[in-house]
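Novice: Below is the structure I would like to discuss, written out as structure tokens.
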Amino acid sequence: MSCQSHGEVAQPHSLGQRHCESSTRHLAAAGGPVPQGSGAAGRQGQEDTLAAEGAVLVAGALMGAGDVIAQQLVEQRGLQGHHGPRTLKMMVIGFCFVGGFAPCFLGCFLAITGAMNGLSVEENWSKIQQDYTDALLTNYCIWPPVQIANFYFVPLKHRLAVVQCVAIVWNCYLSWKANRM
């Protein structure tokens, strides 16, 4: 039974599938099985899950991209001198630990990267004391102006792209800051 046979138009689903609300309603009214995850609530749950998974993948990819840029453009290591395990560590941190609050995130980020780089507790604490304030101030110099400009001047459909582009630059800075000894 198609959506058009009920006089309704199929609405595109966010995953590129077609979805017909009336078919689901008719199946339910007739006592038939309703496909799992159908209807607005089911779609919203699926979209939320996909959005969360996508955010994790994007965070890891951006952290990795930032590290590659830091090693190649800032530190000028070249392909032979590129430290692959360092890039993987940055990606793991991005995948597993994405903080919403800068002060907490930066402190934990610096501590985790120090530990993953094999620093002793004392060396790690010293590095955090050396880098934390500068990283936090840099964060506050970059992100508030970017977000203000993004919300006031950038059309909604382009806002995510703006944030992702700035995030690559920010992750490059974080990688450089956290991995310089």
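In the structure tokens, chains take letters A, B, ... by order of appearance, with residues numbered from 1 within each chain and ligands from 1 in the order shown.
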Give me, as a PyMOL selection string, all polymer residues having an atom no more than 12 Å from A:Ile142, counting only C-alpha atoms and skipping those fewer than 4 positions away in the same chain.

Specialist: chain A and resi 102+135-138+146-149+163+166-167+169-171+173

Novice: For each of A:Met116, A:Leu156, A:Ser126, A:Tyr132, take the minimum atom-to-atom distance to A:Met90, counting only C-alpha atoms, then give the residue where this is smallest.

Specialist: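 Counting only C-alpha atoms, the residue closest to A:Met90 is A:Met116.
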
Novice: Quote the spacing between atom CA of A:Leu88 and atom CA of A:Gly107 in Å to one decimal place.

Specialist: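 Atom-to-atom, atom CA of A:Leu88 to atom CA of A:Gly107, that is 20.0 Å.
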
Novice: One decimal, Å: what's the distance from atom CA of A:Val74 over to atom CA of A:Ile168, could you say?

Specialist: 13.2 Å

Novice: One decimal, Å: what's the distance from atom CA of A:Cys172 over to atom CA of A:Ile93, could you say?

Specialist: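 Result for atom CA of A:Cys172 versus atom CA of A:Ile93: 13.7 Å, one decimal.
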
Novice: Kindly indicate which residue among A:Leu160, A:Ala115, A:Gln129, A:Lys89 lies nearest to A:Val58, using only C-alpha atoms for the distances.

Specialist: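 Closest to A:Val58 of all the choices is A:Leu160.
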
Novice: List every residue of stretch 66-123 of chain A that DSSP, applied to the backbone of this structure, assigns to helix (DSSP H, G or I), and report them as a PyMOL selection string.

Specialist: chain A and resi 66-74+78-81+84-96+102-116+121-123

Novice: Restricting the calculation to only C-alpha atoms: of A:Lys127, A:His158, A:Arg77, A:Arg86, which residue gets closest to A:Gly64?

Specialist: A:Arg86
